[in-house]
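Everything on this sheet refers to the single structure shown next.
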Amino acid sequence: MSELSRTSKTIANKYALALYQLAEEKNRVNIVYDHIRLVTELVRENEQFKNFLSNPILKSDEQEKIIRIISDRLNLDAMVTNFMCFMSKNRRLYIFSLIYDQLGNIINKVQGKLEATVVSAIELDVKALKEIQETLENREGKKVNLIKKVDPNIIGGLIIFIGSKLFDNSIKGKMNRLEFNMKEIN
């Protein structure tokens, strides 16, 4: 991890912690997190919006006007709108996605939950996801929030990331291990 990204992550964690504490005081953690997620999805999916947030030339008062217009259209919670305006004044909107990630980590830690990412070659149905979630919860002894991703490149099977652990039961992973073992034999 580069020094810049480590610094950005540290800054994002401080903002996320402050936002969490404020939201908790007002008993609005879930709604704030959901609205931060909405904005983060917009950042990750819309290059124009991402460029707007990271534009160093745009004055913060101009940015704030646009943030308020977007917030009205998305019907964002006032706490999220004010938080974004505060970040704009401090020229920190470029780390918004990191703040979402850090806020999720804080919420999971406080609630005693883990986050697991399940990667499959095809979209999994609700029943399969529920079985995976129950298996992980039994194994880890904690509630698990599942994030699902589809990657046809894994061919079949699953890859599960939970905390710092990786469980690769994908066909691609098995083929890679087989290839590696065959190279060792030769």
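Each chain of the structure tokens is named A, B, ... in the order shown, its residues numbered from 1; ligands are numbered from 1 in display order.
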
**Request:** Give me every helix (DSSP H, G or I) residue in chain A, going by DSSP on the backbone, as a VMD selection string.
**Result:** chain A and resid 3 to 25 29 to 45 47 to 53 60 to 74 78 to 89 93 to 110 126 to 140 152 to 154 171 to 185

**Message:** I'd like the contact shell of segment 171-177 of chain A - 10 Å cut-off, only C-alpha atoms, skipping same-chain residues fewer than 5 positions apart - returned as number ranges by chain.
**Reply:** A: 121, 153-159, 182-183

**Request:** Name the residues of segment 12-176 of chain A that come out as strand (DSSP E or B) in a backbone DSSP run; write them as a ChimeraX atom specification.
**Result:** /A:113-120,143-150,158-162,165-168

So that I have them on file, write out the residues from the current selection with N, CA, C and O atoms, as a short mmCIF file (atom, residue, chain, number, x, y, z; two decimals), in the first residue's frame.
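Below is the file again37.cif, written as the result:
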```cif
data_model
loop_
_atom_site.label_atom_id
_atom_site.label_comp_id
_atom_site.auth_asym_id
_atom_site.auth_seq_id
_atom_site.Cartn_x
_atom_site.Cartn_y
_atom_site.Cartn_z
N LYS A 113 -20.10 -7.81 14.03
CA LYS A 113 -20.33 -8.49 12.76
C LYS A 113 -19.05 -8.56 11.95
O LYS A 113 -18.12 -7.80 12.16
N LEU A 114 -19.05 -9.50 11.01
CA LEU A 114 -17.97 -9.61 10.04
C LEU A 114 -18.55 -9.34 8.65
O LEU A 114 -19.74 -9.55 8.43
N GLU A 115 -17.70 -8.90 7.75
CA GLU A 115 -18.13 -8.71 6.38
C GLU A 115 -17.45 -9.77 5.52
O GLU A 115 -16.25 -9.99 5.64
N ALA A 116 -18.23 -10.45 4.72
CA ALA A 116 -17.69 -11.48 3.83
C ALA A 116 -18.11 -11.17 2.41
O ALA A 116 -19.24 -10.77 2.16
N THR A 117 -17.17 -11.34 1.49
CA THR A 117 -17.46 -11.17 0.07
C THR A 117 -17.49 -12.54 -0.58
O THR A 117 -16.55 -13.32 -0.44
N VAL A 118 -18.60 -12.83 -1.26
CA VAL A 118 -18.76 -14.10 -1.94
C VAL A 118 -18.73 -13.83 -3.44
O VAL A 118 -19.53 -13.07 -3.96
N VAL A 119 -17.76 -14.45 -4.11
CA VAL A 119 -17.62 -14.29 -5.56
C VAL A 119 -18.05 -15.60 -6.21
O VAL A 119 -17.56 -16.67 -5.85
N SER A 120 -18.96 -15.50 -7.16
CA SER A 120 -19.44 -16.67 -7.89
C SER A 120 -19.43 -16.39 -9.38
O SER A 120 -19.40 -15.23 -9.80
N LYS A 143 -22.25 -12.68 13.54
CA LYS A 143 -23.13 -12.35 12.42
C LYS A 143 -22.25 -11.93 11.25
O LYS A 143 -21.21 -11.31 11.43
N VAL A 144 -22.69 -12.28 10.06
CA VAL A 144 -21.91 -11.99 8.85
C VAL A 144 -22.77 -11.21 7.87
O VAL A 144 -23.90 -11.60 7.58
N ASN A 145 -22.23 -10.10 7.38
CA ASN A 145 -22.85 -9.34 6.29
C ASN A 145 -22.23 -9.85 4.99
O ASN A 145 -21.02 -9.79 4.83
N LEU A 146 -23.06 -10.33 4.08
CA LEU A 146 -22.56 -10.85 2.81
C LEU A 146 -22.60 -9.78 1.73
O LEU A 146 -23.60 -9.08 1.57
N ILE A 147 -21.51 -9.70 1.01
CA ILE A 147 -21.44 -8.87 -0.19
C ILE A 147 -21.26 -9.85 -1.34
O ILE A 147 -20.34 -10.67 -1.30
N LYS A 148 -22.14 -9.79 -2.30
CA LYS A 148 -22.07 -10.76 -3.41
C LYS A 148 -21.52 -10.08 -4.65
O LYS A 148 -21.83 -8.94 -4.95
N LYS A 149 -20.66 -10.82 -5.33
CA LYS A 149 -20.09 -10.36 -6.60
C LYS A 149 -20.13 -11.49 -7.60
O LYS A 149 -19.99 -12.65 -7.22
N VAL A 150 -20.30 -11.14 -8.85
CA VAL A 150 -20.30 -12.14 -9.92
C VAL A 150 -19.07 -11.90 -10.79
O VAL A 150 -18.81 -10.78 -11.22
N LEU A 158 -16.90 -21.12 -5.78
CA LEU A 158 -16.97 -19.86 -5.03
C LEU A 158 -15.59 -19.44 -4.55
O LEU A 158 -14.73 -20.27 -4.30
N ILE A 159 -15.46 -18.14 -4.38
CA ILE A 159 -14.33 -17.57 -3.66
C ILE A 159 -14.95 -16.74 -2.55
O ILE A 159 -15.85 -15.93 -2.79
N ILE A 160 -14.50 -16.95 -1.31
CA ILE A 160 -15.05 -16.21 -0.18
C ILE A 160 -13.91 -15.50 0.54
O ILE A 160 -12.91 -16.12 0.91
N PHE A 161 -14.07 -14.20 0.71
CA PHE A 161 -13.14 -13.39 1.50
C PHE A 161 -13.87 -13.03 2.79
O PHE A 161 -14.95 -12.45 2.76
N ILE A 162 -13.28 -13.37 3.92
CA ILE A 162 -13.86 -12.99 5.21
C ILE A 162 -12.72 -12.53 6.11
O ILE A 162 -11.83 -13.30 6.43
N LYS A 165 -9.06 -13.74 5.65
CA LYS A 165 -9.05 -15.12 5.16
C LYS A 165 -9.61 -15.20 3.74
O LYS A 165 -10.52 -14.48 3.39
N LEU A 166 -9.06 -16.12 2.98
CA LEU A 166 -9.51 -16.37 1.61
C LEU A 166 -9.79 -17.86 1.48
O LEU A 166 -8.95 -18.70 1.81
N PHE A 167 -11.00 -18.18 1.01
CA PHE A 167 -11.38 -19.56 0.72
C PHE A 167 -11.67 -19.62 -0.77
O PHE A 167 -12.65 -19.07 -1.24
N ASP A 168 -10.78 -20.28 -1.51
CA ASP A 168 -10.94 -20.35 -2.96
C ASP A 168 -11.31 -21.77 -3.36
O ASP A 168 -10.47 -22.66 -3.40
#
```

**Message:** Which residues are close to segment 82-94 of chain A, i.e. within 7 Å by only C-alpha atoms, leaving aside same-chain residues fewer than 4 positions away? Reply as JSON, numbers by chain.
**Reply:** {"A": [53, 54, 60, 63, 64, 78]}

**Asked** Between A:Ile31, A:Leu98, A:Asp151, A:Asn169, which one has atoms that come closest to Ile122 of chain A, using only C-alpha atoms?
**Response**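 Using only C-alpha atoms, Ile122 of chain A sits closest to A:Asp151.
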
**Gap from atom CA of Lys26 of chain A to atom CA of Ser8 of chain A - Å, one decimal** = 27.0 Å

**Request:** Counting only C-alpha atoms, figure out which residue out of A:Asn30, A:Gln102, A:Ser97, A:Thr81 gets nearest to Glu45 of chain A.
**Result:**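 Using only C-alpha atoms, Glu45 of chain A sits closest to A:Ser97.
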
**Residues near Val29 of chain A, cut-off 7 Å, only C-alpha atoms, skip fewer than 5 positions along chain, as JSON, numbers by chain** = {"A": [20, 23, 24]}

**Asked** Nearest to Asn55 of chain A: which of A:Arg28, A:Leu74, A:Ile95, A:Asp125 is it, counting only C-alpha atoms?
**Response**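 Among the listed residues, A:Ile95 lies closest to Asn55 of chain A.
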
**Request:** Please indicate the distance in Å from atom CA of Arg73 of chain A to atom CA of Val43 of chain A, rounded to one decimal place.
**Result:**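 That distance, rounded to one decimal, is 15.3 Å.
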
**Surrounding residues of Tyr15 of chain A excluding itself and chain neighbours under 2 positions, 9 Å, only C-alpha atoms, as a list in words** = Thr10, Ile11, Ala12, Asn13, Leu17, Ala18, Leu19, Tyr20, Met87, Ile99, Gln102 and Leu103 of chain A
